$ cat my_file-v5.cif   # mmCIF, C-alpha atoms and all ligand atoms
data_upload
loop_
_atom_site.group_PDB
_atom_site.id
_atom_site.type_symbol
_atom_site.label_atom_id
_atom_site.label_comp_id
_atom_site.auth_asym_id
_atom_site.auth_seq_id
_atom_site.Cartn_x
_atom_site.Cartn_y
_atom_site.Cartn_z
ATOM 1 C CA MET A 1 30.103 -43.526 5.883
ATOM 2 C CA GLN A 2 31.981 -40.579 7.286
ATOM 3 C CA ILE A 3 30.197 -37.771 9.062
ATOM 4 C CA ARG A 4 31.289 -34.600 10.786
ATOM 5 C CA ILE A 5 29.403 -33.540 13.902
ATOM 6 C CA ILE A 6 28.343 -29.897 13.596
ATOM 7 C CA LYS A 7 26.662 -29.264 16.931
ATOM 8 C CA ARG A 8 26.590 -30.686 20.409
ATOM 9 C CA LEU A 9 24.321 -33.670 20.911
ATOM 10 C CA PRO A 10 21.912 -33.049 23.801
ATOM 11 C CA ALA A 11 21.658 -36.617 25.128
ATOM 12 C CA PRO A 12 23.567 -39.925 25.014
ATOM 13 C CA ILE A 13 20.563 -41.699 23.482
ATOM 14 C CA MET A 14 18.445 -39.898 20.895
ATOM 15 C CA ASP A 15 15.373 -41.506 19.342
ATOM 16 C CA GLY A 16 16.810 -44.899 20.184
ATOM 17 C CA PHE A 17 20.211 -44.184 18.676
ATOM 18 C CA ASP A 18 23.209 -44.507 20.979
ATOM 19 C CA VAL A 19 25.128 -41.334 20.114
ATOM 20 C CA ARG A 20 27.401 -41.109 23.147
ATOM 21 C CA ARG A 21 30.553 -41.650 21.092
ATOM 22 C CA PHE A 22 29.929 -38.516 19.012
ATOM 23 C CA GLN A 23 31.030 -36.037 21.660
ATOM 24 C CA ALA A 24 33.375 -33.805 19.716
ATOM 25 C CA VAL A 25 31.860 -30.983 17.714
ATOM 26 C CA ASP A 26 33.795 -30.974 14.435
ATOM 27 C CA GLY A 27 34.765 -34.576 15.166
ATOM 28 C CA ILE A 28 34.784 -36.934 12.195
ATOM 29 C CA TYR A 29 33.350 -40.419 12.688
ATOM 30 C CA SER A 30 32.715 -43.490 10.602
ATOM 31 C CA VAL A 31 29.115 -44.652 10.965
ATOM 32 C CA ASP A 32 26.675 -46.925 9.204
ATOM 33 C CA LEU A 33 24.149 -45.521 6.762
ATOM 34 C CA LEU A 34 21.290 -45.616 9.262
ATOM 35 C CA MET A 35 23.194 -43.553 11.810
ATOM 36 C CA ALA A 36 24.391 -41.165 9.106
ATOM 37 C CA ARG A 37 20.841 -40.619 7.903
ATOM 38 C CA TYR A 38 19.585 -39.980 11.404
ATOM 39 C CA LEU A 39 22.284 -37.495 12.402
ATOM 40 C CA VAL A 40 22.154 -35.668 9.063
ATOM 41 C CA ALA A 41 18.354 -35.484 9.120
ATOM 42 C CA ALA A 42 18.421 -34.166 12.689
ATOM 43 C CA GLU A 43 21.003 -31.592 11.555
ATOM 44 C CA TYR A 44 23.659 -32.702 14.007
ATOM 45 C CA ALA A 45 26.042 -33.861 11.299
ATOM 46 C CA VAL A 46 26.989 -33.439 7.681
ATOM 47 C CA CYS A 47 27.911 -36.352 5.460
ATOM 48 C CA LEU A 48 31.506 -36.346 4.216
ATOM 49 C CA ASP A 49 31.162 -39.251 1.780
ATOM 50 C CA ARG A 50 29.875 -37.049 -0.949
ATOM 51 C CA ASP A 51 31.082 -39.416 -3.629
ATOM 52 C CA VAL A 52 28.606 -42.012 -2.412
ATOM 53 C CA VAL A 53 25.729 -39.621 -2.773
ATOM 54 C CA ALA A 54 27.074 -37.218 -5.377
ATOM 55 C CA PHE A 55 24.847 -35.671 -7.963
ATOM 56 C CA PRO A 56 26.987 -35.218 -11.077
ATOM 57 C CA ASP A 57 23.951 -34.290 -13.152
ATOM 58 C CA ARG A 58 22.238 -32.257 -10.478
ATOM 59 C CA ARG A 59 21.905 -28.554 -11.195
ATOM 60 C CA CYS A 60 21.016 -25.557 -9.075
ATOM 61 C CA ASP A 61 17.258 -25.196 -8.622
ATOM 62 C CA GLY A 62 17.511 -21.431 -8.928
ATOM 63 C CA CYS A 63 19.654 -20.819 -11.995
ATOM 64 C CA GLY A 64 20.543 -24.207 -13.445
ATOM 65 C CA GLY A 65 24.236 -23.735 -12.707
ATOM 66 C CA PRO A 66 26.584 -26.587 -11.797
ATOM 67 C CA LEU A 67 27.105 -27.475 -8.138
ATOM 68 C CA THR A 68 30.471 -27.743 -6.457
ATOM 69 C CA LEU A 69 31.814 -28.406 -2.969
ATOM 70 C CA PRO A 70 31.964 -25.459 -0.540
ATOM 71 C CA GLU A 71 35.741 -25.668 -0.214
ATOM 72 C CA LYS A 72 35.990 -25.034 -3.953
ATOM 73 C CA ALA A 73 33.987 -21.824 -3.641
ATOM 74 C CA ALA A 74 36.560 -20.040 -1.484
ATOM 75 C CA GLY A 75 36.062 -16.344 -1.010
ATOM 76 C CA PHE A 76 32.284 -16.491 -0.856
ATOM 77 C CA ALA A 77 30.162 -16.448 2.291
ATOM 78 C CA ILE A 78 28.614 -19.894 2.555
ATOM 79 C CA PRO A 79 26.391 -21.214 5.363
ATOM 80 C CA SER A 80 28.314 -23.631 7.595
ATOM 81 C CA ARG A 81 25.812 -26.433 6.996
ATOM 82 C CA ALA A 82 26.176 -26.270 3.223
ATOM 83 C CA GLU A 83 27.425 -29.363 1.426
ATOM 84 C CA TYR A 84 27.137 -28.082 -2.137
ATOM 85 C CA VAL A 85 27.253 -24.608 -3.632
ATOM 86 C CA CYS A 86 26.047 -23.333 -6.994
ATOM 87 C CA MET A 87 29.050 -22.065 -8.938
ATOM 88 C CA ARG A 88 26.931 -19.448 -10.687
ATOM 89 C CA CYS A 89 24.564 -17.876 -8.139
ATOM 90 C CA ARG A 90 26.139 -19.218 -4.881
ATOM 91 C CA ARG A 91 22.958 -20.767 -3.549
ATOM 92 C CA ALA A 92 23.925 -23.357 -0.948
ATOM 93 C CA TYR A 93 22.484 -26.836 -0.591
ATOM 94 C CA ARG A 94 22.734 -29.763 1.745
ATOM 95 C CA LEU A 95 21.602 -33.345 1.514
ATOM 96 C CA ASP A 96 18.173 -34.017 2.921
ATOM 97 C CA GLY A 97 17.427 -36.636 5.540
ATOM 98 C CA ASP A 98 17.389 -39.695 3.340
ATOM 99 C CA LEU A 99 20.509 -38.438 1.510
ATOM 100 C CA SER A 100 18.692 -38.554 -1.816
ATOM 101 C CA GLN A 101 17.487 -34.959 -2.072
ATOM 102 C CA LEU A 102 19.255 -31.623 -2.106
ATOM 103 C CA ARG A 103 17.717 -28.900 -0.011
ATOM 104 C CA LEU A 104 18.414 -25.184 -0.099
ATOM 105 C CA VAL A 105 20.412 -23.930 2.905
ATOM 106 C CA GLU A 106 19.802 -20.456 4.290
ATOM 107 C CA PHE A 107 22.132 -18.531 6.549
ATOM 108 C CA ASP A 108 21.407 -19.063 10.249
HETATM 109 ZN ZN ZN B 1 22.458 -21.217 -9.020
#
$ encode --input "my_file-v5.cif" --output "structure tokens" --more "lines below"
Ligand SMILES: [Zn+2]
Amino acid sequence: MQIRIIKRLPAPIMDGFDVRRFQAVDGIYSVDLLMARYLVAAEYAVCLDRDVVAFPDRRCDGCGGPLTLPEKAAGFAIPSRAEYVCMRCRRAYRLDGDLSQLRLVEFD
């Protein structure tokens, strides 16, 4: 799976995971699913393989609108951690730790 690191990792080993190769913030790395889950759950990375975990039938919890990718919602303010955006009300979502749930993202 591909991930993008979104903030600096504080230690070379975290919770038993060797993360020393993920030094570059904004760096893109190929990792196994276990590592992807850990880094996404800990909010150090976002998952780029959205096709693997896409939700074609998933609708916005707030208004029922269809979800799209943030880069397709250009011109709107979107939290940096967002992975999906509602096309209707612009609520932002990201994948939860086990990559099976969408969770609302607030601005930092
Ligand atoms: Zn919505």
$ residues_around --input "my_file-v5.cif" --residues "Arg20 of chain A" --least-positions-apart "4" --cutoff "10 Å" --atoms "all atoms listed in the file" --output "CSV table (one decimal) with C-alpha atoms, in the coordinates of the input"
chain,number,residue,atom,x,y,z
A,9,LEU,CA,24.3,-33.7,20.9
A,10,PRO,CA,21.9,-33.0,23.8
A,11,ALA,CA,21.7,-36.6,25.1
A,12,PRO,CA,23.6,-39.9,25.0
A,13,ILE,CA,20.6,-41.7,23.5
A,14,MET,CA,18.4,-39.9,20.9
$ resolve_selection --input "my_file-v5.cif" --expression "the PyMOL selection byres (((not hetatm)) within 7 of (chain B and resi 1))" --output "list in words"
Cys60, Asp61, Gly62, Cys63, Gly64, Gly65, Cys86, Met87, Arg88, Cys89, Arg90 and Arg91 of chain A
$ atom_distance --input "my_file-v5.cif" --atom1 "atom CA of Leu67 of chain A" --atom2 "atom CA of Ala36 of chain A"
22.2 Å
$ atom_distance --input "my_file-v5.cif" --atom1 "atom CA of Gly75 of chain A" --atom2 "atom CA of Phe107 of chain A"
16.0 Å
$ resolve_selection --input "my_file-v5.cif" --expression "the PyMOL selection byres (((chain A and resi 31) around 8) and not hetatm)" --output "ChimeraX atom specification"
/A:1-3,29-30,32-33,35-36
$ residues_near_point --input "my_file-v5.cif" --point "(27.1, -29.4, -0.4)" --cutoff "6 Å" --atoms "only C-alpha atoms" --output "JSON, numbers by chain"
{"A": [69, 82, 83, 84, 85, 93, 94]}
$ residues_near_point --input "my_file-v5.cif" --point "(26.4, -31.9, 10.6)" --cutoff "8 Å" --atoms "only C-alpha atoms" --output "ChimeraX atom specification"
/A:3-7,39-40,43-47,81
$ write_last_selection --input "my_file-v5.cif" --atoms "C-alpha atoms" --output "compact mmCIF listing (two decimals), keeping the file's coordinate frame"
# COMPACT_ATOMS: atom_id res chain seq x y z
CA ILE A 3 30.20 -37.77 9.06
CA ARG A 4 31.29 -34.60 10.79
CA ILE A 5 29.40 -33.54 13.90
CA ILE A 6 28.34 -29.90 13.60
CA LYS A 7 26.66 -29.26 16.93
CA LEU A 39 22.28 -37.49 12.40
CA VAL A 40 22.15 -35.67 9.06
CA GLU A 43 21.00 -31.59 11.56
CA TYR A 44 23.66 -32.70 14.01
CA ALA A 45 26.04 -33.86 11.30
CA VAL A 46 26.99 -33.44 7.68
CA CYS A 47 27.91 -36.35 5.46
CA ARG A 81 25.81 -26.43 7.00
$ resolve_selection --input "my_file-v5.cif" --expression "the PyMOL selection byres (((chain A and resi 24) around 9) and not hetatm)" --output "PDB file with C-alpha atoms, in the coordinates of the input"
ATOM      1  CA  ILE A   5      29.403 -33.540  13.902  1.00  0.00           C
ATOM      2  CA  ILE A   6      28.343 -29.897  13.596  1.00  0.00           C
ATOM      3  CA  LYS A   7      26.662 -29.264  16.931  1.00  0.00           C
ATOM      4  CA  ARG A   8      26.590 -30.686  20.409  1.00  0.00           C
ATOM      5  CA  ARG A  21      30.553 -41.650  21.092  1.00  0.00           C
ATOM      6  CA  PHE A  22      29.929 -38.516  19.012  1.00  0.00           C
ATOM      7  CA  GLN A  23      31.030 -36.037  21.660  1.00  0.00           C
ATOM      8  CA  VAL A  25      31.860 -30.983  17.714  1.00  0.00           C
ATOM      9  CA  ASP A  26      33.795 -30.974  14.435  1.00  0.00           C
ATOM     10  CA  GLY A  27      34.765 -34.576  15.166  1.00  0.00           C
ATOM     11  CA  ILE A  28      34.784 -36.934  12.195  1.00  0.00           C
TER      12      ILE A  28
END
$ atom_distance --input "my_file-v5.cif" --atom1 "atom CA of Ala77 of chain A" --atom2 "atom CA of Arg59 of chain A"
19.9 Å
$ axis_aligned_box --input "my_file-v5.cif" --around "segment 23-34 of chain A" --padding-each-side "3 Å" --output "AutoDock Vina command-line options"
--center_x 28.0 --center_y -38.9 --center_z 14.2 --size_x 19.5 --size_y 22.0 --size_z 20.9
$ closest_residue --input "my_file-v5.cif" --among "A:Glu106, A:Asp96, A:Ser80, A:Gln101" --to "Ala41 of chain A" --atoms "all atoms listed in the file"
A:Asp96
$ decode --input "my_file-v5.cif" --residues "segment 73-88 of chain A" --atoms "N, CA and C atoms" --output "compact mmCIF listing (two decimals), in the first residue's frame"
# COMPACT_ATOMS: atom_id res chain seq x y z
N ALA A 73 -12.07 18.68 -5.26
CA ALA A 73 -12.91 19.71 -4.65
C ALA A 73 -12.11 21.01 -4.57
N ALA A 74 -11.37 21.31 -5.62
CA ALA A 74 -10.50 22.49 -5.63
C ALA A 74 -11.31 23.75 -5.40
N GLY A 75 -10.70 24.68 -4.69
CA GLY A 75 -11.36 25.94 -4.44
C GLY A 75 -12.07 26.00 -3.11
N PHE A 76 -12.14 24.87 -2.40
CA PHE A 76 -12.75 24.85 -1.09
C PHE A 76 -11.68 24.60 -0.05
N ALA A 77 -11.84 25.19 1.12
CA ALA A 77 -10.92 24.94 2.23
C ALA A 77 -11.20 23.56 2.79
N ILE A 78 -10.18 22.71 2.78
CA ILE A 78 -10.33 21.33 3.20
C ILE A 78 -9.20 21.02 4.19
N PRO A 79 -9.51 20.39 5.32
CA PRO A 79 -8.44 20.04 6.26
C PRO A 79 -7.38 19.16 5.58
N SER A 80 -6.11 19.37 5.95
CA SER A 80 -5.02 18.68 5.27
C SER A 80 -5.10 17.17 5.43
N ARG A 81 -5.71 16.70 6.52
CA ARG A 81 -5.76 15.26 6.76
C ARG A 81 -6.92 14.59 6.05
N ALA A 82 -7.74 15.35 5.36
CA ALA A 82 -8.91 14.79 4.71
C ALA A 82 -8.52 13.85 3.57
N GLU A 83 -9.26 12.77 3.43
CA GLU A 83 -9.05 11.84 2.33
C GLU A 83 -10.26 11.78 1.40
N TYR A 84 -11.40 12.20 1.91
CA TYR A 84 -12.62 12.29 1.11
C TYR A 84 -13.36 13.56 1.51
N VAL A 85 -14.11 14.11 0.55
CA VAL A 85 -14.87 15.32 0.82
C VAL A 85 -16.27 15.13 0.24
N CYS A 86 -17.27 15.60 1.00
CA CYS A 86 -18.64 15.57 0.49
C CYS A 86 -18.78 16.62 -0.59
N MET A 87 -19.31 16.24 -1.75
CA MET A 87 -19.45 17.18 -2.85
C MET A 87 -20.56 18.19 -2.59
N ARG A 88 -21.43 17.89 -1.66
CA ARG A 88 -22.59 18.76 -1.43
C ARG A 88 -22.34 19.75 -0.29
